[in-house]
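With compact mmCIF, C-alpha atoms and all ligand atoms inside, this is my_file_36.txt:
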# COMPACT_ATOMS: atom_id res chain seq x y z
CA MET A 1 104.80 149.76 112.67
CA THR A 2 106.21 151.48 109.60
CA ALA A 3 107.71 148.17 108.49
CA ILE A 4 104.24 146.56 108.52
CA LYS A 5 102.75 149.53 106.72
CA GLU A 6 105.22 149.43 103.87
CA GLU A 7 104.66 145.74 103.31
CA THR A 8 100.89 145.92 102.96
CA LEU A 9 99.23 145.25 99.66
CA ALA A 10 97.45 148.61 99.81
CA ALA A 11 100.72 150.48 100.19
CA LYS A 12 101.94 148.87 96.97
CA ILE A 13 98.85 149.38 94.83
CA ARG A 14 97.16 152.55 96.08
CA SER A 15 98.96 154.67 93.53
CA ASP A 16 97.15 152.65 90.83
CA PHE A 17 93.86 154.30 91.86
CA PRO A 18 93.83 157.96 90.84
CA ILE A 19 90.47 158.71 92.50
CA LEU A 20 91.76 157.83 95.96
CA HIS A 21 94.24 160.71 95.94
CA GLN A 22 91.93 163.63 96.51
CA GLU A 23 90.48 165.67 99.33
CA VAL A 24 86.76 165.63 100.04
CA ASN A 25 85.42 168.42 102.23
CA GLY A 26 88.98 169.44 102.95
CA LYS A 27 90.02 166.00 104.23
CA PRO A 28 91.80 163.14 102.46
CA LEU A 29 89.16 160.88 100.93
CA ILE A 30 88.61 157.62 102.81
CA TYR A 31 86.49 155.46 100.55
CA LEU A 32 84.63 152.78 102.52
CA ASP A 33 81.83 152.00 100.07
CA SER A 34 83.33 149.37 97.80
CA ALA A 35 80.46 146.94 98.39
CA ALA A 36 78.29 149.41 96.47
CA THR A 37 80.88 150.00 93.78
CA SER A 38 84.65 149.64 93.72
CA GLN A 39 87.15 152.17 92.46
CA LYS A 40 88.98 151.57 89.18
CA PRO A 41 92.73 151.27 88.67
CA GLN A 42 94.50 153.37 86.03
CA ILE A 43 95.03 150.37 83.75
CA VAL A 44 91.26 149.82 83.52
CA LEU A 45 90.66 153.51 82.73
CA ASP A 46 93.49 153.45 80.19
CA THR A 47 92.10 150.33 78.54
CA LEU A 48 88.69 151.94 78.10
CA ARG A 49 90.27 155.10 76.72
CA HIS A 50 92.62 153.16 74.44
CA TYR A 51 89.69 151.24 72.99
CA TYR A 52 87.85 154.43 72.03
CA ASP A 53 91.03 156.18 70.85
CA HIS A 54 92.24 153.33 68.64
CA ASP A 55 89.93 150.36 68.09
CA ASN A 56 86.32 151.51 68.35
CA ALA A 57 84.09 149.63 65.89
CA ASN A 58 81.14 147.32 66.21
CA VAL A 59 81.96 143.69 66.97
CA HIS A 60 81.35 140.48 64.99
CA ARG A 61 80.93 140.08 61.23
CA GLY A 62 82.82 143.25 60.39
CA ALA A 63 85.56 142.54 57.85
CA HIS A 64 87.51 145.76 58.45
CA THR A 65 90.51 146.05 60.70
CA LEU A 66 88.97 148.04 63.54
CA SER A 67 86.04 145.65 63.76
CA ILE A 68 88.39 142.70 63.84
CA ARG A 69 90.42 144.35 66.63
CA SER A 70 87.27 145.18 68.59
CA THR A 71 85.96 141.66 68.22
CA GLU A 72 89.24 140.11 69.29
CA ALA A 73 89.49 142.31 72.35
CA TYR A 74 85.84 141.76 73.28
CA GLU A 75 86.05 137.99 72.88
CA GLY A 76 89.44 138.06 74.62
CA ALA A 77 87.73 139.63 77.64
CA ARG A 78 85.32 136.70 77.66
CA ASP A 79 88.28 134.31 77.78
CA LYS A 80 89.73 136.24 80.71
CA VAL A 81 86.50 136.13 82.70
CA ALA A 82 86.07 132.42 81.93
CA LYS A 83 89.58 131.70 83.19
CA PHE A 84 89.14 133.95 86.25
CA ILE A 85 86.25 131.86 87.58
CA ASN A 86 87.57 128.63 86.03
CA ALA A 87 84.65 128.03 83.67
CA GLN A 88 85.21 124.95 81.52
CA PHE A 89 84.11 126.61 78.27
CA ARG A 90 84.40 130.23 77.14
CA GLU A 91 80.85 130.25 75.77
CA GLU A 92 79.60 129.68 79.33
CA ILE A 93 80.22 133.40 79.94
CA VAL A 94 77.44 135.74 78.79
CA PHE A 95 78.08 139.45 79.08
CA THR A 96 75.22 141.41 80.62
CA ARG A 97 74.82 144.97 81.90
CA ASN A 98 75.19 143.84 85.51
CA ALA A 99 74.32 141.03 87.89
CA THR A 100 70.70 142.13 88.02
CA GLU A 101 70.30 141.64 84.29
CA ALA A 102 72.03 138.25 84.54
CA ILE A 103 69.52 137.10 87.19
CA ASN A 104 66.62 138.37 85.09
CA LEU A 105 68.00 136.49 82.10
CA VAL A 106 67.79 133.22 84.05
CA ALA A 107 64.42 134.16 85.50
CA TYR A 108 62.77 134.92 82.14
CA SER A 109 64.58 132.41 79.96
CA TRP A 110 64.73 129.41 82.30
CA ALA A 111 62.42 129.82 85.29
CA LEU A 112 59.43 131.24 83.40
CA ASN A 113 59.56 128.26 81.03
CA HIS A 114 60.23 125.57 83.64
CA LEU A 115 58.26 126.37 86.77
CA LYS A 116 54.71 125.17 87.30
CA PRO A 117 52.12 125.81 90.01
CA GLY A 118 53.32 124.27 93.27
CA ASP A 119 56.99 124.14 92.25
CA GLU A 120 59.26 125.70 94.83
CA ILE A 121 62.07 128.22 94.71
CA ILE A 122 64.31 128.42 97.77
CA SER A 123 66.00 131.72 98.53
CA THR A 124 67.05 133.47 101.75
CA VAL A 125 66.00 136.42 103.88
CA MET A 126 69.41 138.04 103.31
CA GLU A 127 69.13 138.37 99.51
CA HIS A 128 69.73 141.58 97.63
CA HIS A 129 66.51 142.83 96.00
CA SER A 130 68.04 141.79 92.66
CA ASN A 131 67.90 138.17 93.75
CA LEU A 132 64.39 138.47 95.22
CA VAL A 133 62.18 140.54 92.96
CA PRO A 134 62.83 138.59 89.72
CA TRP A 135 61.78 135.38 91.48
CA GLN A 136 58.70 137.07 92.90
CA ILE A 137 57.75 138.15 89.38
CA ILE A 138 58.26 134.61 88.06
CA ALA A 139 56.42 133.05 91.02
CA THR A 140 53.41 135.28 90.31
CA LYS A 141 53.44 134.35 86.62
CA THR A 142 53.93 130.59 87.12
CA GLY A 143 52.23 129.80 90.42
CA ALA A 144 55.53 128.66 91.92
CA VAL A 145 56.11 129.25 95.63
CA ILE A 146 59.18 130.89 97.21
CA LYS A 147 60.50 129.58 100.54
CA TYR A 148 63.05 131.56 102.48
CA VAL A 149 65.94 130.26 104.56
CA GLY A 150 66.34 132.30 107.73
CA LEU A 151 69.30 133.07 109.95
CA THR A 152 71.02 131.22 112.77
CA GLU A 153 71.72 132.85 116.14
CA ASN A 154 75.03 134.04 114.67
CA GLU A 155 73.11 135.71 111.85
CA GLU A 156 74.33 133.37 109.16
CA PHE A 157 72.63 131.07 106.60
CA ASP A 158 70.62 128.44 108.51
CA LEU A 159 71.82 125.23 106.86
CA GLU A 160 69.63 123.00 109.07
CA GLN A 161 66.50 124.91 108.12
CA TYR A 162 67.56 124.79 104.47
CA LYS A 163 67.68 120.99 104.66
CA THR A 164 64.11 120.91 105.96
CA LEU A 165 62.89 123.19 103.14
CA LEU A 166 64.46 121.12 100.36
CA SER A 167 62.20 118.55 98.71
CA GLU A 168 61.45 117.10 95.30
CA ARG A 169 59.20 120.15 94.80
CA THR A 170 62.31 122.37 94.90
CA LYS A 171 63.20 123.34 91.33
CA LEU A 172 65.50 126.27 91.95
CA VAL A 173 67.76 127.53 94.73
CA ALA A 174 68.86 131.17 94.36
CA VAL A 175 71.32 132.18 97.06
CA VAL A 176 73.87 134.88 97.67
CA HIS A 177 77.47 133.73 98.18
CA VAL A 178 78.59 136.61 100.42
CA SER A 179 75.90 138.87 101.91
CA ASN A 180 76.36 142.56 101.14
CA THR A 181 74.78 143.44 104.50
CA LEU A 182 75.66 140.63 106.94
CA GLY A 183 79.06 139.91 105.42
CA CYS A 184 78.52 136.18 106.05
CA ILE A 185 80.07 133.71 103.61
CA ASN A 186 77.48 131.08 102.76
CA PRO A 187 78.44 127.39 102.42
CA VAL A 188 77.62 127.36 98.73
CA GLU A 189 79.25 124.03 97.89
CA GLU A 190 77.08 122.24 100.45
CA ILE A 191 74.00 124.26 99.47
CA ILE A 192 74.54 123.26 95.82
CA SER A 193 75.22 119.58 96.38
CA LEU A 194 72.14 119.22 98.62
CA ALA A 195 69.99 120.97 95.98
CA HIS A 196 71.35 118.79 93.20
CA LYS A 197 70.42 115.65 95.16
CA MET A 198 66.82 116.89 94.92
CA GLY A 199 67.18 117.60 91.21
CA ALA A 200 67.03 121.39 91.72
CA LYS A 201 69.15 123.92 89.87
CA VAL A 202 71.19 126.53 91.73
CA LEU A 203 71.97 130.17 90.95
CA ILE A 204 74.68 131.86 93.01
CA ASP A 205 74.72 135.64 93.41
CA ALA A 206 78.48 136.18 93.54
CA CYS A 207 78.50 140.02 93.44
CA GLN A 208 80.35 140.20 96.75
CA SER A 209 82.53 137.11 96.31
CA VAL A 210 84.01 137.30 92.81
CA PRO A 211 85.78 140.62 93.63
CA HIS A 212 87.22 139.28 96.90
CA LEU A 213 87.72 135.49 96.73
CA ALA A 214 89.21 133.03 94.27
CA ILE A 215 86.15 131.50 92.58
CA ASP A 216 86.11 128.13 90.86
CA VAL A 217 82.69 127.46 89.35
CA GLN A 218 83.58 123.87 88.48
CA LYS A 219 84.55 123.08 92.05
CA MET A 220 81.54 124.99 93.38
CA GLY A 221 79.23 123.10 91.04
CA CYS A 222 76.68 125.90 90.54
CA ASP A 223 74.41 125.89 87.49
CA TRP A 224 74.53 129.67 87.16
CA LEU A 225 76.60 132.38 88.80
CA VAL A 226 76.26 136.13 88.38
CA ALA A 227 78.53 139.11 89.11
CA SER A 228 78.84 142.81 88.28
CA GLY A 229 82.00 144.31 86.81
CA HIS A 230 81.73 147.58 88.70
CA LYS A 231 82.34 145.86 92.06
CA MET A 232 85.54 144.25 90.77
CA CYS A 233 87.49 147.25 89.49
CA ALA A 234 85.73 147.41 86.10
CA PRO A 235 83.39 150.11 84.76
CA THR A 236 79.64 150.17 85.25
CA GLY A 237 77.46 148.78 82.48
CA ILE A 238 79.14 145.38 82.30
CA GLY A 239 78.53 142.20 84.25
CA PHE A 240 78.29 138.54 83.43
CA LEU A 241 76.30 135.38 83.71
CA TYR A 242 78.10 132.07 83.99
CA GLY A 243 75.97 129.04 83.14
CA LYS A 244 76.80 125.40 82.53
CA ARG A 245 76.97 124.96 78.78
CA GLU A 246 74.31 122.27 78.43
CA ILE A 247 71.89 124.34 80.52
CA LEU A 248 72.50 127.56 78.54
CA GLU A 249 72.16 125.58 75.31
CA ALA A 250 68.71 124.40 76.34
CA MET A 251 67.54 127.89 77.36
CA PRO A 252 65.65 130.06 74.85
CA PRO A 253 66.84 133.63 74.13
CA PHE A 254 65.94 136.26 76.71
CA MET A 255 65.83 139.21 74.30
CA GLY A 256 65.50 139.30 70.54
CA GLY A 257 67.39 141.49 68.10
CA GLY A 258 70.70 141.74 66.32
CA GLU A 259 73.70 139.62 67.36
CA MET A 260 71.59 136.82 68.85
CA ILE A 261 70.33 135.29 65.61
CA SER A 262 71.64 132.93 63.01
CA GLU A 263 69.17 133.77 60.20
CA VAL A 264 66.15 136.03 60.09
CA PHE A 265 63.17 135.75 57.73
CA LEU A 266 60.03 137.83 57.72
CA GLU A 267 58.13 134.90 59.24
CA ASN A 268 60.67 133.73 61.80
CA TYR A 269 64.31 133.46 62.84
CA THR A 270 66.85 130.88 63.87
CA VAL A 271 68.75 131.28 67.12
CA GLY A 272 72.48 131.99 67.11
CA GLU A 273 75.15 130.04 68.92
CA LEU A 274 76.14 130.45 72.55
CA PRO A 275 77.02 132.87 74.03
CA HIS A 276 75.73 135.30 71.36
CA LYS A 277 72.16 134.06 71.55
CA PHE A 278 71.95 135.84 74.93
CA GLU A 279 73.71 139.03 73.84
CA ALA A 280 71.09 140.79 71.72
CA GLY A 281 72.09 144.17 70.34
CA THR A 282 75.42 145.96 70.40
CA PRO A 283 77.09 145.05 73.68
CA ALA A 284 79.07 147.30 76.04
CA ILE A 285 82.24 146.60 74.05
CA GLY A 286 84.68 149.00 75.69
CA GLU A 287 83.35 148.16 79.16
CA ALA A 288 83.72 144.43 78.53
CA ILE A 289 87.30 144.94 77.36
CA ALA A 290 87.95 147.04 80.46
CA LEU A 291 86.47 144.24 82.58
CA GLY A 292 89.09 142.00 80.98
CA ALA A 293 91.75 144.49 82.11
CA ALA A 294 90.29 144.48 85.64
CA VAL A 295 90.46 140.69 85.71
CA ASP A 296 94.10 140.86 84.56
CA TYR A 297 94.82 143.41 87.27
CA LEU A 298 93.22 141.33 90.03
CA SER A 299 94.90 138.17 88.76
CA ALA A 300 98.31 139.85 88.76
CA ILE A 301 97.83 140.68 92.44
CA GLY A 302 96.51 137.18 93.09
CA MET A 303 93.08 136.57 94.60
CA ASP A 304 94.53 134.57 97.49
CA LYS A 305 96.90 137.37 98.38
CA LEU A 306 94.13 139.92 98.05
CA HIS A 307 91.85 137.86 100.26
CA ASP A 308 94.58 137.37 102.91
CA TYR A 309 95.05 141.12 103.09
CA GLU A 310 91.31 141.70 103.37
CA GLU A 311 91.20 139.24 106.26
CA GLU A 312 93.88 141.28 108.03
CA LEU A 313 91.78 144.40 107.47
CA THR A 314 88.64 142.62 108.69
CA ALA A 315 90.37 141.56 111.90
CA TYR A 316 91.60 145.10 112.43
CA LEU A 317 88.24 146.73 111.64
CA PHE A 318 86.36 144.49 114.05
CA LYS A 319 88.96 144.92 116.79
CA LYS A 320 88.62 148.69 116.45
CA LEU A 321 84.82 148.67 116.24
CA ALA A 322 84.71 146.57 119.43
CA THR A 323 85.92 149.68 121.26
CA ILE A 324 82.55 151.33 120.53
CA PRO A 325 80.09 149.50 122.80
CA GLN A 326 77.03 151.35 121.41
CA LEU A 327 77.37 149.62 118.02
CA ARG A 328 75.03 146.88 116.94
CA ILE A 329 76.92 145.14 114.14
CA TYR A 330 74.95 142.68 111.97
CA GLY A 331 76.18 139.28 110.86
CA PRO A 332 78.77 136.86 112.23
CA LYS A 333 81.87 137.88 114.14
CA PRO A 334 85.19 137.22 112.40
CA THR A 335 87.84 135.02 114.02
CA PRO A 336 90.77 136.95 115.55
CA GLU A 337 92.52 136.32 112.20
CA GLY A 338 89.66 138.01 110.35
CA LYS A 339 88.31 134.78 108.88
CA GLY A 340 84.69 133.74 108.48
CA ARG A 341 83.20 136.91 107.06
CA ALA A 342 83.65 139.61 104.46
CA ALA A 343 85.55 142.88 104.97
CA LEU A 344 82.49 144.99 105.69
CA ALA A 345 80.47 146.00 108.73
CA SER A 346 76.81 147.06 108.72
CA PHE A 347 75.73 148.57 111.99
CA ASN A 348 73.35 150.79 113.88
CA VAL A 349 73.77 153.00 116.92
CA GLU A 350 70.68 153.22 119.12
CA GLY A 351 69.00 156.59 118.88
CA ILE A 352 71.05 157.82 115.91
CA HIS A 353 69.85 157.59 112.33
CA ALA A 354 72.31 155.81 110.03
CA SER A 355 71.99 158.55 107.42
CA ASP A 356 72.99 161.18 110.02
CA LEU A 357 76.12 159.14 110.77
CA SER A 358 77.09 158.93 107.12
CA THR A 359 76.40 162.63 106.52
CA LEU A 360 78.63 163.70 109.40
CA LEU A 361 81.36 161.25 108.38
CA ASP A 362 81.21 162.70 104.87
CA HIS A 363 82.17 166.07 106.36
CA GLU A 364 85.39 164.30 107.42
CA GLY A 365 85.97 162.97 103.89
CA ILE A 366 84.85 159.47 104.91
CA ALA A 367 82.49 157.72 102.49
CA ILE A 368 80.28 155.07 104.08
CA ARG A 369 76.82 153.99 102.94
CA SER A 370 73.59 154.30 104.84
CA GLY A 371 70.23 152.88 103.92
CA HIS A 372 68.79 149.43 103.37
CA HIS A 373 71.58 148.31 100.98
CA CYS A 374 68.85 146.71 98.81
CA THR A 375 68.13 144.23 101.61
CA GLN A 376 64.89 145.60 103.05
CA PRO A 377 63.44 142.25 104.18
CA LEU A 378 66.63 141.57 106.15
CA HIS A 379 66.53 144.98 107.81
CA ARG A 380 62.88 144.43 108.68
CA LEU A 381 63.88 141.25 110.52
CA PHE A 382 66.21 143.39 112.62
CA ASN A 383 63.47 145.99 113.16
CA ALA A 384 65.66 148.53 111.42
CA SER A 385 64.74 150.73 108.48
CA GLY A 386 68.37 150.80 107.46
CA SER A 387 71.93 150.63 108.69
CA ALA A 388 75.29 152.27 108.17
CA ARG A 389 77.84 150.20 106.28
CA ALA A 390 81.59 150.51 105.95
CA SER A 391 82.92 148.16 103.27
CA LEU A 392 86.59 147.63 102.46
CA TYR A 393 88.61 146.57 99.48
CA PHE A 394 92.28 145.76 99.06
CA TYR A 395 93.20 149.45 98.55
CA ASN A 396 92.06 150.36 102.07
CA THR A 397 94.54 150.66 104.92
CA ARG A 398 94.68 150.32 108.69
CA GLU A 399 95.27 154.06 108.89
CA GLU A 400 91.96 154.64 107.13
CA ILE A 401 90.22 152.30 109.58
CA ASP A 402 91.79 154.25 112.46
CA ALA A 403 90.51 157.54 111.03
CA PHE A 404 87.05 156.09 110.38
CA VAL A 405 86.67 154.63 113.88
CA LYS A 406 87.94 157.83 115.48
CA ALA A 407 85.49 159.94 113.46
CA LEU A 408 82.66 157.51 114.20
CA LYS A 409 83.35 157.77 117.94
CA GLU A 410 83.39 161.55 117.76
CA THR A 411 80.16 161.57 115.78
CA ILE A 412 78.41 159.32 118.29
CA ASN A 413 79.67 161.47 121.17
CA PHE A 414 78.44 164.57 119.38
CA PHE A 415 74.94 163.14 118.97
CA ASN A 416 74.87 161.94 122.56
CA SER A 417 75.89 165.38 123.83
CA VAL A 418 73.19 167.03 121.72
CA MET A 419 70.56 164.62 123.00
CA ASP A 420 71.53 164.98 126.68
C1 LIG A 501 75.47 144.82 94.14
C2 LIG A 501 74.76 143.55 94.37
C3 LIG A 501 73.78 143.09 93.49
C4 LIG A 501 73.30 143.88 92.31
O1 LIG A 501 74.32 144.29 91.49
P1 LIG A 501 74.00 145.28 90.26
O2 LIG A 501 75.34 145.67 89.79
O3 LIG A 501 73.22 146.42 90.83
O4 LIG A 501 73.22 144.51 89.30
C5 LIG A 501 73.19 141.87 93.74
N1 LIG A 501 73.57 141.14 94.79
C6 LIG A 501 74.50 141.55 95.66
C7 LIG A 501 74.88 140.67 96.80
C8 LIG A 501 75.13 142.77 95.48
O5 LIG A 501 76.05 143.17 96.35
Would you put the structure from the file into structure tokens?
Ligand SMILES: *Cc1c(COP(=O)(O)O)cnc(C)c1O
Amino acid sequence: MTAIKEETLAAKIRSDFPILHQEVNGKPLIYLDSAATSQKPQIVLDTLRHYYDHDNANVHRGAHTLSIRSTEAYEGARDKVAKFINAQFREEIVFTRNATEAINLVAYSWALNHLKPGDEIISTVMEHHSNLVPWQIIATKTGAVIKYVGLTENEEFDLEQYKTLLSERTKLVAVVHVSNTLGCINPVEEIISLAHKMGAKVLIDACQSVPHLAIDVQKMGCDWLVASGHKMCAPTGIGFLYGKREILEAMPPFMGGGEMISEVFLENYTVGELPHKFEAGTPAIGEAIALGAAVDYLSAIGMDKLHDYEEELTAYLFKKLATIPQLRIYGPKPTPEGKGRAALASFNVEGIHASDLSTLLDHEGIAIRSGHHCTQPLHRLFNASGSARASLYFYNTREEIDAFVKALKETINFFNSVMD
């Protein structure tokens, strides 16, 4: 037992995360909310601090030393992100505030200018609101129609239904890679190749996959992919859009201002080069550089190794949760090896409000999320207003899962005794 414990990835890297070593409500913090935002390793915090202590200056066109250093570090972070997801060209990475902004960029720059009445967008019932509402806005403005792929019996992406929805009217497919509520891993390569056969473009919401899986955008074949830095060990305020170069080149700017232009006259302007034409205004320089440090940190661990460890945790979490028969867990079951789904579990207990569960667990120092997780349409399908969600990352341990499941059992027993 101790031998296994000492060998785990978490045992090796936990000391890198200062925030994890504290007591909350008199108990050691157990952080099980990484699907909402991940914690940050020391090197990322140090990188941010170092930038402001030593290099802070605005980027691009500054001839002084600090500006040159800032620009090099900022553009270096772009190279790191490009390499991390295996983009072919560095200018295919556009820094945004978060994934939501990246989706809106595609919605306003591409979809608003391309979609016509009767054109179809295909999405799914499991999408995060960030990958639903922008398309609803665009559909209203253009007269395009949104069709939604539903779930199979196992509560996964219904590939067969998707095939029946696809047609030459389909212009865009916007799908999540890994669901933040169901934890299912969607067959994005097949989804993309089927869409491309119909001439449709595909946007992948990779918020829950980039932090946990090795991503290769060239192999995947997506036209756009979005992710948020704060879910992958980086600060808030920085995310990115990946887009195929020829597609980004053909897209008009999303926002106007400094940085995105080539020349400005009183009558008009000329658009700057990629990727700057999509980065209007002073960007989140320090945060982008810190995202680069997060990418370095994750790469040094190795995404395959990280994912293997998360599979072990998934198997363990589901084995333990299976000892609580009252739980209704959403999404597919993992294999005994923990494969086939993400390291998170959204669930409900009949007769107990999810927010009451999370409040009582918080008294034990255990942080889980309760609510709709920005997937209200999905919860409505399950006739639930919300759910409780425990989500893991590579710094979590089996011991934490033990403590969580024990506290969850006690909480359920407490509520049952009160209700009797
Ligand atoms: C978190 C999340 C988003 C939105 O990310 P922001 O950082 O809030 O922009 C979108 N989709 C999924 C699947 C997510 O988990």
Exercise. Show me which residues sit within 9 Å of ligand LIG 501 (chain A) when counting only C-alpha atoms and all ligand atoms, and put them as a VMD selection string.
Key: chain A and resid 35 to 37 97 to 103 126 to 131 176 to 181 205 to 209 226 to 231 236 to 239 373 to 374
What are the nearest atom pairs, with distances in Å to one decimal, for all residues of stretch 302-397 of chain A that come at most 12 Å from stretch 185-196 of chain A, using only C-alpha atoms, set out by chain and rising residue number as a Markdown table?
| residue | atom | partner | partner_atom | distance |
| --- | --- | --- | --- | --- |
| A:Gly331 | CA | A:Ile185 | CA | 9.9 |
| A:Pro332 | CA | A:Ile185 | CA | 9.3 |
| A:Lys333 | CA | A:Ile185 | CA | 11.5 |
| A:Pro334 | CA | A:Ile185 | CA | 10.8 |
| A:Lys339 | CA | A:Ile185 | CA | 9.8 |
| A:Gly340 | CA | A:Ile185 | CA | 6.7 |
| A:Arg341 | CA | A:Ile185 | CA | 5.7 |
| A:Ala342 | CA | A:Ile185 | CA | 7.0 |
| A:Ala343 | CA | A:Ile185 | CA | 10.8 |
| A:Leu344 | CA | A:Ile185 | CA | 11.7 |
Interface rows for stretch 219-304 of chain A against stretch 152-174 of chain A: nearest pair, Å to one decimal, 12 Å, all atoms listed in the file, as JSON lines:
{"residue": "A:Cys222", "atom": "CA", "partner": "A:Val173", "partner_atom": "CA", "distance": 10.0}
{"residue": "A:Asp223", "atom": "CA", "partner": "A:Val173", "partner_atom": "CA", "distance": 10.0}
{"residue": "A:Trp224", "atom": "CA", "partner": "A:Ala174", "partner_atom": "CA", "distance": 9.3}
{"residue": "A:Leu225", "atom": "CA", "partner": "A:Ala174", "partner_atom": "CA", "distance": 9.6}
{"residue": "A:Val226", "atom": "CA", "partner": "A:Ala174", "partner_atom": "CA", "distance": 10.7}
Quiz item: Interatomic distance between atom CA of A:Gln39 and atom CA of A:Cys233?
Solution: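 If I compute the distance from atom CA of A:Gln39 to atom CA of A:Cys233, I get 5.8 Å.
Here the question is which of A:Leu274, A:Ala384, A:Ala77, A:Ala294 gets nearest to A:Glu91 using all atoms listed in the file, and that residue is A:Leu274.
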Practice problem: Could you please give me, as a PyMOL selection string, the residues of protein, DNA or RNA lying at most 10 Å from (90.6, 151.2, 109.9) in the coordinate frame of the file, considering all atoms listed in the file? | Solution: chain A and resi 30+32+313-321+390+392+396-406
Practice problem: Determine the nearest neighbour of A:His307 from the options A:Ala354, A:Met260, A:Gly183, A:Leu213, counting all atoms listed in the file. | Solution: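 Smallest separation from A:His307 among the options: A:Leu213.
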Exercise. Go through A:Leu306, A:Gly76, A:Phe415, A:Asp33 and flag the residue nearest A:Ala345, using only C-alpha atoms for the distances.
Key: A:Asp33
Exercise. Determine, counting only C-alpha atoms, which protein, DNA and RNA residues have an atom within 6 Å of an atom of stretch 46-59 of chain A; residues of the same chain fewer than 6 positions away are not included. Present the result as a count of residues only.
Key: 6
Self-check item: Spatial neighbours of A:Ser370, max dist 10 Å, all atoms listed in the file, sep filter under 6 positions, as a list in words
Solution: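 Non-adjacent residues within range: Asp33, Ser346, Phe347, Asn348, His353, Ala354, Ser355, Asp356, Leu357, Ser358, Thr359, Gly386, Ser387, Ala388, Arg389 and Ala390 of chain A.
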Taking C-alpha atoms for each residue, export the selection above as a PDB file, in the frame of the given file.
ATOM      1  CA  ASP A  33      81.830 152.000 100.070  1.00  0.00           C
ATOM      2  CA  SER A 346      76.810 147.060 108.720  1.00  0.00           C
ATOM      3  CA  PHE A 347      75.730 148.570 111.990  1.00  0.00           C
ATOM      4  CA  ASN A 348      73.350 150.790 113.880  1.00  0.00           C
ATOM      5  CA  HIS A 353      69.850 157.590 112.330  1.00  0.00           C
ATOM      6  CA  ALA A 354      72.310 155.810 110.030  1.00  0.00           C
ATOM      7  CA  SER A 355      71.990 158.550 107.420  1.00  0.00           C
ATOM      8  CA  ASP A 356      72.990 161.180 110.020  1.00  0.00           C
ATOM      9  CA  LEU A 357      76.120 159.140 110.770  1.00  0.00           C
ATOM     10  CA  SER A 358      77.090 158.930 107.120  1.00  0.00           C
ATOM     11  CA  THR A 359      76.400 162.630 106.520  1.00  0.00           C
ATOM     12  CA  GLY A 386      68.370 150.800 107.460  1.00  0.00           C
ATOM     13  CA  SER A 387      71.930 150.630 108.690  1.00  0.00           C
ATOM     14  CA  ALA A 388      75.290 152.270 108.170  1.00  0.00           C
ATOM     15  CA  ARG A 389      77.840 150.200 106.280  1.00  0.00           C
ATOM     16  CA  ALA A 390      81.590 150.510 105.950  1.00  0.00           C
TER      17      ALA A 390
END
Quiz item: Suppose you want the space between atom CA of A:Ala322 and atom CA of A:Gly365; what is it in Å?
Solution: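 For atom CA of A:Ala322 relative to atom CA of A:Gly365, the distance reads 22.6 Å.
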I'd like the box whose edges run along x, y and z of the file and which contains every listed atom of stretch 291-302 of chain A, padded by 6 Å per side; could you state its centre and edge lengths in Å, one decimal, as AutoDock Vina command-line options?
--center_x 92.4 --center_y 140.8 --center_z 87.0 --size_x 23.8 --size_y 19.3 --size_z 24.1
Self-check item: Proximity to A:Ala10 - best of A:Glu310, A:Glu249, A:Glu350, A:Asp362, all atoms listed in the file
Solution: A:Glu310
Fill-in result for stretch 333-341 of chain A, N, CA and C atoms as a PDB file, in the frame of the given file:
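out-v9.pdb, freshly written:
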ATOM      1  N   LYS A 333      80.598 137.278 113.738  1.00  0.00           N
ATOM      2  CA  LYS A 333      81.870 137.880 114.140  1.00  0.00           C
ATOM      3  C   LYS A 333      83.006 137.174 113.397  1.00  0.00           C
ATOM      4  N   PRO A 334      84.043 137.904 113.017  1.00  0.00           N
ATOM      5  CA  PRO A 334      85.190 137.220 112.400  1.00  0.00           C
ATOM      6  C   PRO A 334      86.019 136.530 113.482  1.00  0.00           C
ATOM      7  N   THR A 335      86.857 135.586 113.086  1.00  0.00           N
ATOM      8  CA  THR A 335      87.840 135.020 114.020  1.00  0.00           C
ATOM      9  C   THR A 335      88.877 136.116 114.287  1.00  0.00           C
ATOM     10  N   PRO A 336      89.727 135.932 115.306  1.00  0.00           N
ATOM     11  CA  PRO A 336      90.770 136.950 115.550  1.00  0.00           C
ATOM     12  C   PRO A 336      91.669 137.170 114.336  1.00  0.00           C
ATOM     13  N   GLU A 337      91.718 136.168 113.431  1.00  0.00           N
ATOM     14  CA  GLU A 337      92.520 136.320 112.200  1.00  0.00           C
ATOM     15  C   GLU A 337      91.724 136.982 111.085  1.00  0.00           C
ATOM     16  N   GLY A 338      90.479 137.339 111.378  1.00  0.00           N
ATOM     17  CA  GLY A 338      89.660 138.010 110.350  1.00  0.00           C
ATOM     18  C   GLY A 338      88.993 137.052 109.399  1.00  0.00           C
ATOM     19  N   LYS A 339      88.938 135.772 109.771  1.00  0.00           N
ATOM     20  CA  LYS A 339      88.310 134.780 108.880  1.00  0.00           C
ATOM     21  C   LYS A 339      86.817 134.657 109.181  1.00  0.00           C
ATOM     22  N   GLY A 340      86.084 134.085 108.231  1.00  0.00           N
ATOM     23  CA  GLY A 340      84.690 133.740 108.480  1.00  0.00           C
ATOM     24  C   GLY A 340      83.683 134.798 108.062  1.00  0.00           C
ATOM     25  N   ARG A 341      84.143 135.929 107.578  1.00  0.00           N
ATOM     26  CA  ARG A 341      83.200 136.910 107.060  1.00  0.00           C
ATOM     27  C   ARG A 341      83.911 137.877 106.118  1.00  0.00           C
TER      28      ARG A 341
END
